[in-house]
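*Asks:* Got a file for you: my_file.tsv, TSV, C-alpha atoms.
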```tsv
chain	number	residue	atom	x	y	z
I	1	MET	CA	127.55	201.96	102.68
I	2	THR	CA	129.94	200.52	100.14
I	3	ARG	CA	131.97	199.01	102.97
I	4	LEU	CA	128.82	197.45	104.47
I	5	LYS	CA	127.80	196.06	101.10
I	6	LYS	CA	131.27	194.60	100.65
I	7	SER	CA	131.18	193.05	104.12
I	8	LEU	CA	127.78	191.51	103.48
I	9	THR	CA	128.93	190.13	100.13
I	10	LEU	CA	131.99	188.64	101.82
I	11	ALA	CA	129.84	187.17	104.60
I	12	PHE	CA	127.47	185.54	102.07
I	13	ALA	CA	130.42	184.24	100.09
I	14	ALA	CA	131.94	182.79	103.27
I	15	VAL	CA	128.64	181.07	104.16
I	16	ALA	CA	128.30	179.72	100.62
I	17	VAL	CA	131.85	178.42	100.59
I	18	SER	CA	131.50	176.81	104.01
I	19	ALA	CA	128.21	175.19	102.89
I	20	THR	CA	129.91	173.76	99.80
I	21	VAL	CA	132.81	172.53	101.85
I	22	ALA	CA	130.44	170.97	104.40
I	23	SER	CA	128.58	169.30	101.57
I	24	ALA	CA	131.83	167.89	100.18
I	25	ALA	CA	132.71	166.65	103.66
I	26	ASP	CA	129.26	165.10	103.97
I	27	ARG	CA	129.70	163.37	100.65
I	28	LYS	CA	133.01	161.98	101.79
I	29	GLU	CA	131.47	160.78	105.03
I	30	ALA	CA	128.49	159.32	103.11
I	31	ARG	CA	130.89	157.43	100.89
I	32	SER	CA	132.72	155.94	103.86
I	33	GLN	CA	129.38	154.96	105.45
I	34	VAL	CA	128.40	153.22	102.20
I	35	GLU	CA	131.73	151.38	102.07
I	36	PHE	CA	131.39	150.24	105.67
I	37	GLY	CA	127.80	149.18	104.96
I	38	ILE	CA	128.98	146.98	102.09
I	39	LYS	CA	131.57	145.33	104.34
I	40	VAL	CA	129.00	144.42	106.99
I	41	ALA	CA	126.38	143.42	104.40
I	42	GLU	CA	128.86	140.96	102.92
I	43	GLN	CA	128.98	139.35	106.36
I	44	GLY	CA	125.20	139.16	106.45
I	45	LEU	CA	124.78	141.96	109.01
I	46	TRP	CA	121.97	143.65	107.13
I	47	LYS	CA	120.57	145.66	110.07
I	48	GLU	CA	123.93	147.33	110.63
I	49	ALA	CA	124.19	147.93	106.89
I	50	ILE	CA	120.78	149.62	106.93
I	51	TYR	CA	121.93	151.94	109.70
I	52	ARG	CA	125.04	152.88	107.70
I	53	TRP	CA	123.24	153.44	104.42
I	54	GLU	CA	120.42	155.40	106.03
I	55	ARG	CA	123.11	157.65	107.51
I	56	ALA	CA	124.76	157.96	104.07
I	57	ALA	CA	121.43	158.86	102.44
I	58	GLU	CA	120.86	161.52	105.12
I	59	LEU	CA	124.31	163.01	104.61
I	60	ASP	CA	124.02	163.02	100.84
I	61	PRO	CA	120.42	162.77	99.63
I	62	THR	CA	121.68	162.71	96.02
I	63	TYR	CA	123.82	159.59	96.48
I	64	ALA	CA	122.08	156.99	94.30
I	65	ALA	CA	124.30	154.10	95.46
I	66	ALA	CA	123.26	154.66	99.09
I	67	PHE	CA	119.58	154.39	98.13
I	68	ASN	CA	120.24	151.34	95.93
I	69	ASN	CA	122.07	149.54	98.73
I	70	LEU	CA	119.45	150.59	101.24
I	71	ALA	CA	116.75	149.12	98.98
I	72	VAL	CA	118.61	145.80	98.76
I	73	ALA	CA	118.95	145.71	102.56
I	74	TYR	CA	115.27	146.56	103.12
I	75	GLU	CA	114.40	143.78	100.68
I	76	THR	CA	116.38	141.18	102.63
I	77	GLU	CA	114.65	142.32	105.82
I	78	GLY	CA	111.24	141.90	104.18
I	79	LEU	CA	110.50	145.65	104.29
I	80	MET	CA	109.05	145.67	100.81
I	81	ASP	CA	107.38	149.11	100.85
I	82	LYS	CA	110.55	150.79	102.06
I	83	ALA	CA	112.61	148.85	99.50
I	84	LYS	CA	110.34	150.00	96.67
I	85	LYS	CA	110.62	153.65	97.72
I	86	ALA	CA	114.41	153.41	98.03
I	87	TYR	CA	114.77	151.79	94.58
I	88	GLU	CA	112.54	154.46	93.06
I	89	ARG	CA	114.63	157.21	94.66
I	90	ALA	CA	117.86	155.56	93.46
I	91	LEU	CA	116.54	155.40	89.91
I	92	GLU	CA	115.29	158.98	90.12
I	93	LEU	CA	118.84	160.05	91.00
I	94	ASP	CA	120.56	157.80	88.47
I	95	PRO	CA	118.04	156.73	85.83
I	96	LYS	CA	120.62	155.21	83.50
I	97	ASN	CA	122.29	152.97	86.04
I	98	VAL	CA	121.84	149.41	84.77
I	99	TYR	CA	122.67	147.82	88.12
I	100	ILE	CA	119.95	149.72	89.96
I	101	ARG	CA	117.49	148.95	87.14
I	102	GLN	CA	118.37	145.24	87.28
I	103	ASN	CA	118.03	145.10	91.09
I	104	PHE	CA	114.68	146.88	90.87
I	105	ASP	CA	113.39	144.52	88.16
I	106	LEU	CA	114.30	141.49	90.27
I	107	PHE	CA	112.68	143.05	93.31
I	108	LYS	CA	109.50	143.87	91.38
I	109	GLU	CA	109.21	140.28	90.16
I	110	ILE	CA	109.19	138.96	93.73
I	111	ASN	CA	107.06	141.75	95.13
I	112	ASP	CA	104.43	141.39	92.41
I	113	ARG	CA	104.29	137.63	92.96
I	114	ALA	CA	103.81	138.10	96.71
I	115	ASN	CA	101.08	140.69	96.13
I	116	ARG	CA	99.32	138.41	93.62
I	117	GLN	CA	99.35	135.62	96.21
I	118	LEU	CA	97.90	137.90	98.84
I	119	SER	CA	95.11	139.17	96.58
I	120	ARG	CA	94.00	135.67	95.53
Y	1	MET	CA	136.54	180.33	94.89
Y	2	ARG	CA	132.85	179.40	94.74
Y	3	ILE	CA	133.11	178.47	91.04
Y	4	ALA	CA	136.18	176.40	91.83
Y	5	ASN	CA	134.26	174.57	94.54
Y	6	CYS	CA	131.32	173.95	92.23
Y	7	LEU	CA	133.64	172.64	89.55
Y	8	ALA	CA	135.34	170.41	92.11
Y	9	SER	CA	131.95	169.07	93.23
Y	10	ALA	CA	130.86	168.41	89.65
Y	11	ALA	CA	134.15	166.66	88.91
Y	12	PHE	CA	133.73	164.58	92.07
Y	13	VAL	CA	130.21	163.51	91.03
Y	14	LEU	CA	131.33	162.71	87.49
Y	15	ALA	CA	134.32	160.73	88.69
Y	16	ALA	CA	132.21	158.85	91.18
Y	17	SER	CA	129.62	157.85	88.60
Y	18	ALA	CA	132.21	157.00	85.98
Y	19	CYS	CA	134.03	154.49	88.13
Y	20	THR	CA	131.17	152.77	89.96
Y	21	THR	CA	132.44	149.80	91.92
Y	22	THR	CA	129.97	146.95	92.23
Y	23	PHE	CA	129.62	144.10	94.71
Y	24	GLU	CA	127.39	141.15	93.97
Y	25	VAL	CA	125.81	139.76	97.13
Y	26	PRO	CA	123.54	136.77	97.71
Y	27	VAL	CA	120.18	137.75	99.18
Y	28	GLU	CA	117.18	135.91	100.58
Y	29	THR	CA	113.98	137.87	100.25
Y	30	PRO	CA	111.42	136.74	102.85
Y	31	ILE	CA	107.81	136.42	101.71
Y	32	LYS	CA	105.24	136.68	104.47
Y	33	PRO	CA	102.65	133.89	104.78
Y	34	LYS	CA	99.26	134.70	103.32
Y	35	LEU	CA	97.51	133.68	106.51
Y	36	ASP	CA	98.40	134.72	110.05
Y	37	VAL	CA	98.53	131.38	111.85
Y	38	ALA	CA	100.22	132.68	115.00
Y	39	ALA	CA	97.12	131.80	117.03
Y	40	PHE	CA	97.38	128.10	116.14
Y	41	SER	CA	99.84	125.49	117.27
Y	42	ARG	CA	98.22	122.54	115.49
Y	43	VAL	CA	96.81	121.86	112.06
Y	44	LEU	CA	94.26	119.25	111.04
Y	45	VAL	CA	94.17	118.32	107.37
Y	46	ALA	CA	90.65	116.99	107.74
Y	47	GLY	CA	89.81	115.64	104.31
Y	48	PHE	CA	88.48	116.70	100.94
Y	49	VAL	CA	85.44	116.14	98.81
Y	50	ALA	CA	87.11	114.67	95.76
Y	51	GLY	CA	85.97	113.70	92.29
Y	52	GLY	CA	87.02	113.09	88.73
Y	53	THR	CA	88.81	109.85	88.00
Y	54	GLU	CA	88.32	106.72	90.07
Y	55	ASP	CA	91.93	105.67	89.45
Y	56	VAL	CA	93.18	107.87	92.28
Y	57	ASP	CA	91.57	108.45	95.68
Y	58	ALA	CA	92.27	112.18	95.57
Y	59	ASN	CA	90.88	112.65	99.09
Y	60	LEU	CA	93.30	110.22	100.77
Y	61	GLU	CA	96.26	111.13	98.57
Y	62	THR	CA	95.81	114.87	99.12
Y	63	VAL	CA	95.51	114.46	102.88
Y	64	ARG	CA	98.62	112.27	102.98
Y	65	LEU	CA	100.66	114.59	100.78
Y	66	LEU	CA	99.73	117.80	102.60
Y	67	ARG	CA	100.34	116.28	106.02
Y	68	ASN	CA	103.81	115.15	104.94
Y	69	GLN	CA	104.65	118.53	103.44
Y	70	LEU	CA	103.42	120.42	106.49
Y	71	LYS	CA	105.38	118.10	108.78
Y	72	ASN	CA	108.61	119.17	107.11
Y	73	LYS	CA	107.92	122.78	106.26
Y	74	SER	CA	105.65	124.25	108.90
Y	75	ARG	CA	106.04	125.01	112.58
Y	76	LEU	CA	102.51	123.72	113.20
Y	77	LYS	CA	102.05	120.28	114.76
Y	78	ILE	CA	100.21	117.92	112.45
Y	79	ILE	CA	97.23	116.06	113.88
Y	80	ASP	CA	97.42	112.50	112.64
Y	81	ALA	CA	93.71	111.64	112.72
Y	82	ASP	CA	91.50	109.55	110.46
Y	83	VAL	CA	90.44	111.28	107.27
Y	84	LEU	CA	86.90	112.65	107.65
Y	85	PRO	CA	84.25	111.08	105.38
Y	86	LEU	CA	83.14	114.49	104.14
Y	87	ARG	CA	80.80	113.27	101.42
Y	88	GLU	CA	78.74	111.36	103.97
Y	89	MET	CA	78.90	114.25	106.40
Y	90	ALA	CA	77.71	116.65	103.71
Y	91	ALA	CA	74.57	114.55	103.25
Y	92	LYS	CA	73.92	114.41	107.00
Y	93	ILE	CA	74.30	118.08	107.71
Y	94	HIS	CA	72.85	119.46	104.47
Y	95	PRO	CA	69.97	121.89	105.30
Y	96	ALA	CA	67.63	119.84	103.09
Y	97	SER	CA	68.28	116.69	105.13
Y	98	GLN	CA	66.48	118.29	108.09
Y	99	SER	CA	63.21	117.50	106.28
Y	100	ASP	CA	63.86	113.77	106.64
Y	101	PRO	CA	66.12	113.22	109.64
Y	102	ALA	CA	65.43	109.49	109.59
Y	103	ASN	CA	67.08	109.05	106.22
Y	104	PRO	CA	69.18	112.15	105.57
Y	105	ALA	CA	71.30	110.80	102.74
Y	106	LEU	CA	68.25	110.12	100.60
Y	107	ALA	CA	66.62	113.42	101.36
Y	108	VAL	CA	69.47	115.44	99.95
Y	109	ASP	CA	70.13	115.77	96.28
Y	110	LEU	CA	73.90	115.35	96.44
Y	111	PRO	CA	75.59	113.71	93.46
Y	112	LYS	CA	76.57	110.08	94.03
Y	113	ILE	CA	79.44	110.32	91.56
Y	114	ILE	CA	81.47	113.51	91.23
Y	115	LYS	CA	82.56	113.98	87.65
Y	116	GLU	CA	82.44	117.72	87.05
Y	117	ASP	CA	83.04	120.98	88.89
Y	118	ARG	CA	79.33	121.63	89.23
Y	119	ASP	CA	78.95	118.33	91.13
Y	120	LEU	CA	81.29	119.75	93.75
Y	121	GLN	CA	79.23	122.91	94.14
Y	122	ALA	CA	76.51	120.91	95.89
Y	123	PHE	CA	78.98	120.32	98.75
Y	124	GLU	CA	79.70	123.99	99.39
Y	125	PRO	CA	77.20	124.31	102.29
Y	126	LEU	CA	79.33	121.81	104.22
Y	127	PHE	CA	82.28	124.20	104.33
Y	128	ALA	CA	80.10	127.09	105.43
Y	129	ASN	CA	78.61	125.07	108.29
Y	130	VAL	CA	80.16	126.87	111.25
Y	131	ALA	CA	78.60	124.59	113.87
Y	132	TYR	CA	79.98	121.46	112.24
Y	133	TRP	CA	83.54	122.76	111.98
Y	134	LYS	CA	83.43	124.22	115.48
Y	135	LYS	CA	82.49	120.75	116.75
Y	136	ILE	CA	85.41	119.21	114.83
Y	137	GLY	CA	87.64	121.95	116.25
Y	138	GLU	CA	86.57	121.17	119.83
Y	139	GLU	CA	87.30	117.50	119.26
Y	140	PHE	CA	90.89	118.29	118.22
Y	141	GLN	CA	91.63	121.18	120.62
Y	142	SER	CA	90.96	124.11	118.30
Y	143	PRO	CA	93.42	123.58	115.48
Y	144	LEU	CA	93.61	125.26	112.12
Y	145	ILE	CA	91.53	123.02	109.84
Y	146	VAL	CA	92.44	122.45	106.19
Y	147	THR	CA	89.71	121.05	104.00
Y	148	GLY	CA	88.13	121.71	100.59
Y	149	THR	CA	87.51	120.01	97.28
Y	150	VAL	CA	89.77	118.26	94.80
Y	151	MET	CA	88.86	117.59	91.19
Y	152	PHE	CA	91.30	115.31	89.41
Y	153	ALA	CA	89.89	114.39	86.04
Y	154	PRO	CA	91.17	113.01	82.76
Y	155	GLN	CA	91.16	115.25	79.72
Y	156	ALA	CA	91.87	114.85	76.04
Y	157	ALA	CA	92.75	117.37	73.39
Y	158	THR	CA	93.47	117.27	69.70
Y	159	GLY	CA	95.05	119.98	67.63
Y	160	TYR	CA	98.23	121.35	66.16
Y	161	VAL	CA	101.30	121.46	68.37
Y	162	GLN	CA	104.72	122.86	67.61
Y	163	ARG	CA	107.72	120.60	68.04
Y	164	GLU	CA	111.32	120.55	66.86
Y	165	GLN	CA	112.54	118.19	64.17
Y	166	GLU	CA	116.03	117.38	62.97
Y	167	ILE	CA	116.57	117.64	59.24
Y	168	TYR	CA	119.66	117.19	57.05
Y	169	ASP	CA	120.14	119.27	53.91
Y	170	THR	CA	121.67	118.06	50.63
Y	171	PHE	CA	125.17	118.71	52.04
Y	172	GLY	CA	124.44	116.56	55.09
Y	173	ARG	CA	124.29	119.51	57.45
Y	174	ARG	CA	122.06	119.01	60.51
Y	175	GLN	CA	119.37	121.56	61.28
Y	176	VAL	CA	116.64	121.73	63.90
Y	177	VAL	CA	113.45	123.31	62.61
Y	178	PRO	CA	110.11	123.89	64.31
Y	179	ILE	CA	107.26	122.00	62.70
Y	180	ARG	CA	103.53	121.98	63.40
Y	181	THR	CA	101.90	118.60	63.66
Y	182	TYR	CA	98.38	117.49	64.38
Y	183	MET	CA	98.36	115.41	67.56
Y	184	GLU	CA	95.97	113.59	69.77
Y	185	ARG	CA	96.86	114.17	73.38
Y	186	LYS	CA	95.54	113.06	76.72
Y	187	GLY	CA	96.29	113.90	80.30
Y	188	PHE	CA	94.79	115.14	83.53
Y	189	ILE	CA	93.55	118.32	85.07
Y	190	LEU	CA	93.88	118.99	88.80
Y	191	LYS	CA	91.72	121.63	90.47
Y	192	PRO	CA	92.03	121.72	94.26
Y	193	LYS	CA	90.26	124.28	96.40
Y	194	PHE	CA	91.85	124.61	99.81
Y	195	ILE	CA	89.68	125.99	102.58
Y	196	PHE	CA	91.27	127.08	105.86
Y	197	ILE	CA	88.92	127.03	108.83
Y	198	ASP	CA	89.42	128.41	112.33
Y	199	GLY	CA	88.87	125.41	114.62
Y	200	ARG	CA	87.95	127.73	117.50
Y	201	THR	CA	85.01	129.37	115.75
Y	202	GLY	CA	84.29	127.15	112.74
Y	203	ALA	CA	84.55	130.14	110.42
Y	204	VAL	CA	86.32	130.07	107.07
Y	205	LEU	CA	89.54	132.09	107.27
Y	206	TYR	CA	90.83	131.81	103.75
Y	207	THR	CA	90.12	129.99	100.50
Y	208	GLU	CA	92.46	129.36	97.61
Y	209	THR	CA	91.83	127.62	94.30
Y	210	PHE	CA	94.49	126.21	92.00
Y	211	ARG	CA	94.42	124.73	88.52
Y	212	GLU	CA	97.14	122.64	86.95
Y	213	GLU	CA	96.98	120.45	83.88
Y	214	VAL	CA	99.21	118.25	81.79
Y	215	LEU	CA	98.83	116.70	78.34
Y	216	TYR	CA	100.88	113.86	76.91
Y	217	SER	CA	100.98	112.30	73.49
Y	218	ALA	CA	98.11	109.79	73.16
Y	219	GLU	CA	100.58	106.90	72.69
Y	220	GLN	CA	102.33	107.70	75.99
Y	221	SER	CA	100.98	105.84	78.99
Y	222	ASN	CA	101.29	107.72	82.27
Y	223	PRO	CA	99.71	106.26	85.42
Y	224	ALA	CA	97.09	108.54	86.94
Y	225	LEU	CA	98.78	108.49	90.37
Y	226	SER	CA	102.15	109.67	89.05
Y	227	THR	CA	100.41	112.44	87.09
Y	228	TYR	CA	98.53	113.43	90.24
Y	229	PHE	CA	101.84	113.82	92.11
Y	230	GLU	CA	103.43	115.67	89.19
Y	231	LEU	CA	100.62	118.24	89.25
Y	232	MET	CA	100.50	118.51	93.05
Y	233	ASP	CA	104.26	119.10	93.07
Y	234	ARG	CA	103.68	122.30	91.10
Y	235	LEU	CA	101.21	123.80	93.53
Y	236	VAL	CA	102.45	122.57	96.91
Y	237	PRO	CA	104.88	125.54	97.35
Y	238	ALA	CA	101.97	127.95	96.87
Y	239	PHE	CA	99.89	125.98	99.37
Y	240	LEU	CA	102.73	126.05	101.93
Y	241	SER	CA	103.24	129.77	101.47
Y	242	THR	CA	99.75	130.24	102.93
Y	243	LEU	CA	100.89	128.94	106.29
Y	244	SER	CA	104.61	129.54	106.52
Y	245	SER	CA	106.95	132.25	105.37
Y	246	GLN	CA	109.19	131.45	102.47
Y	247	SER	CA	112.37	133.02	101.20
Y	248	ILE	CA	113.43	133.51	97.63
Y	249	ARG	CA	117.14	133.30	96.97
Y	250	GLY	CA	118.84	135.57	94.48
Y	251	THR	CA	121.65	138.06	94.00
Y	252	ARG	CA	121.70	141.85	94.02
Y	253	THR	CA	124.36	144.39	93.18
Y	254	LEU	CA	125.59	146.80	95.81
Y	255	LEU	CA	127.19	150.02	94.63
Y	256	LYS	CA	129.95	152.19	96.08
```
Can I see the file as structure tokens?
*Replies:*
Amino acid sequence: MTRLKKSLTLAFAAVAVSATVASAADRKEARSQVEFGIKVAEQGLWKEAIYRWERAAELDPTYAAAFNNLAVAYETEGLMDKAKKAYERALELDPKNVYIRQNFDLFKEINDRANRQLSR
Amino acid sequence: MRIANCLASAAFVLAASACTTTFEVPVETPIKPKLDVAAFSRVLVAGFVAGGTEDVDANLETVRLLRNQLKNKSRLKIIDADVLPLREMAAKIHPASQSDPANPALAVDLPKIIKEDRDLQAFEPLFANVAYWKKIGEEFQSPLIVTGTVMFAPQAATGYVQREQEIYDTFGRRQVVPIRTYMERKGFILKPKFIFIDGRTGAVLYTETFREEVLYSAEQSNPALSTYFELMDRLVPAFLSTLSSQSIRGTRTLLK
């Protein structure tokens, strides 16, 4: 019984460790996806950047930078609803980040103006 | 082992947030047009019922200005037709004119001189006359029709205004201080109402009203026509954004 208990404990520990390791690997992969996304975005290839940053956000759903960058890319593609959600998620993850806040404020200014025009 | 991993993860997160690398990128945010004009290939700026000052023919000037702007900034082909005499047409097709078809203009109580906003209200039935606009549409092969009203009127105002004045203290040091002075000012107010009509059906698709005004010092002499263009300049981008998509340039920060 004691042996079984010990085996189970070891099995759980192994699963937990592997999960943590996988998560670290995912974070690393997410980071490289974000870096590649920045490179292509700087060349104006926003659709490719979106693909990279969506992948990064999937791999690490707590990665605020991925959501911030994704929001910027959605904005340039005119996907305003998606951009808003991504900015909100980025700020939820990193509320004190001044860069995300600044991007979101600029986005809101444009989005509000467009909505005012449409409701006139 | 698990604790070590957790600590490593926490350290990783902390390190990542502590040394955030930023990249400033130029962006162009596209703004969709307010009106879906995909169904049209041509646009007819038909004419406007205009009033206010007699110094500027706001009907002709508005038609000319909008046609020029649309030529450069819209994919729609501009129909270069004569400006419609809408004031005369309004009298002819006014429901009340049906009572005296022989002399329609006299039968309808439309103002001869348009000085105020309420004078323009009498012309509203013209824009709602589906049959009339459908006929115009058929004549020009079903374009998008732009019409409406334009009020361009002088205005005057007196009161206190704040301005900056240079003063020098006893040591000869220059200072700029805000002072309130009583001033007589005059200028113009521009109130266009743009009505977009479907030339295929004659129905109104969209209506937009603007209001711009400017006041100068009473001693300053500004020609009415240049003031008209100054005020139209302010609202033309908003007018164009009804028909064509625009993009707003800016910068955003990407994070690593």
*Asks:* Tell me, counting only C-alpha atoms, for each residue of chain Y within 7 Å of chain I, which pair of atoms is nearest and how far apart they are in Å to one decimal, in rows ordered by chain and increasing number, as a Markdown table.
*Replies:*
```
| residue | atom | partner | partner_atom | distance |
| --- | --- | --- | --- | --- |
| Y:Arg2 | CA | I:Val17 | CA | 6.0 |
| Y:Asn5 | CA | I:Thr20 | CA | 6.9 |
| Y:Val25 | CA | I:Glu42 | CA | 6.7 |
| Y:Val27 | CA | I:Thr76 | CA | 6.2 |
| Y:Glu28 | CA | I:Thr76 | CA | 5.7 |
| Y:Thr29 | CA | I:Thr76 | CA | 4.7 |
| Y:Pro30 | CA | I:Gly78 | CA | 5.3 |
| Y:Ile31 | CA | I:Ala114 | CA | 6.6 |
| Y:Lys34 | CA | I:Leu118 | CA | 5.7 |
| Y:Glu208 | CA | I:Arg120 | CA | 6.8 |
| Y:Arg252 | CA | I:Asn103 | CA | 5.7 |
| Y:Thr253 | CA | I:Tyr99 | CA | 6.3 |
| Y:Leu254 | CA | I:Asn69 | CA | 5.3 |
| Y:Leu255 | CA | I:Ala65 | CA | 5.1 |
| Y:Lys256 | CA | I:Ala65 | CA | 6.0 |
```
*Asks:* Might you pull out every residue within 8 Å of Arg42 (chain Y), with all atoms listed in the file counted and same-chain residues fewer than 4 positions away left off, and present them as a list in words?
*Replies:*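 After dropping sequence-adjacent residues, the list is Leu76, Lys77, Ile78, Ile79, Ser142, Pro143 and Leu144 of chain Y.
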*Asks:* Now that the selection is made, can you save its residues with C-alpha atoms as a PDB file, in the coordinates of the input?
*Replies:*
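Written out: again_10.pdb:
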```pdb
ATOM      1  CA  LEU Y  76     102.510 123.720 113.200  1.00  0.00           C
ATOM      2  CA  LYS Y  77     102.050 120.280 114.760  1.00  0.00           C
ATOM      3  CA  ILE Y  78     100.210 117.920 112.450  1.00  0.00           C
ATOM      4  CA  ILE Y  79      97.230 116.060 113.880  1.00  0.00           C
ATOM      5  CA  SER Y 142      90.960 124.110 118.300  1.00  0.00           C
ATOM      6  CA  PRO Y 143      93.420 123.580 115.480  1.00  0.00           C
ATOM      7  CA  LEU Y 144      93.610 125.260 112.120  1.00  0.00           C
TER       8      LEU Y 144
END
```
*Asks:* Tell me, counting all atoms listed in the file, for each residue of region 82-170 of chain Y within 10 Å of region 213-221 of chain Y, which pair of atoms is nearest and how far apart they are in Å to one decimal, in rows ordered by chain and increasing number, as a Markdown table.
*Replies:*
```
| residue | atom | partner | partner_atom | distance |
| --- | --- | --- | --- | --- |
| Y:Phe152 | CA | Y:Glu213 | CA | 9.4 |
| Y:Ala153 | CA | Y:Glu213 | CA | 9.6 |
| Y:Pro154 | CA | Y:Glu213 | CA | 9.5 |
| Y:Gln155 | CA | Y:Leu215 | CA | 7.9 |
| Y:Ala156 | CA | Y:Leu215 | CA | 7.6 |
| Y:Ala157 | CA | Y:Leu215 | CA | 7.9 |
| Y:Thr158 | CA | Y:Ala218 | CA | 9.5 |
```
*Asks:* Using the selection just defined, write its residues with C-alpha atoms as a PDB file, in the coordinates of the input.
*Replies:*
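Full text of out.pdb as output:
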```
ATOM      1  CA  PHE Y 152      91.300 115.310  89.410  1.00  0.00           C
ATOM      2  CA  ALA Y 153      89.890 114.390  86.040  1.00  0.00           C
ATOM      3  CA  PRO Y 154      91.170 113.010  82.760  1.00  0.00           C
ATOM      4  CA  GLN Y 155      91.160 115.250  79.720  1.00  0.00           C
ATOM      5  CA  ALA Y 156      91.870 114.850  76.040  1.00  0.00           C
ATOM      6  CA  ALA Y 157      92.750 117.370  73.390  1.00  0.00           C
ATOM      7  CA  THR Y 158      93.470 117.270  69.700  1.00  0.00           C
TER       8      THR Y 158
END
```
*Asks:* Find the residue from I:Glu109, I:Trp53, I:Asp60, I:Lys96 that sits nearest to Lys28 (chain I); use only C-alpha atoms when measuring.
*Replies:*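 Result for the nearest residue to Lys28 (chain I): I:Asp60.
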*Asks:* Around (104.1, 122.3, 61.9) in the file's own coordinates, what residues are found within 12 Å if you use all atoms listed in the file, given back as number ranges by chain?
*Replies:* Y: 159-165, 177-183
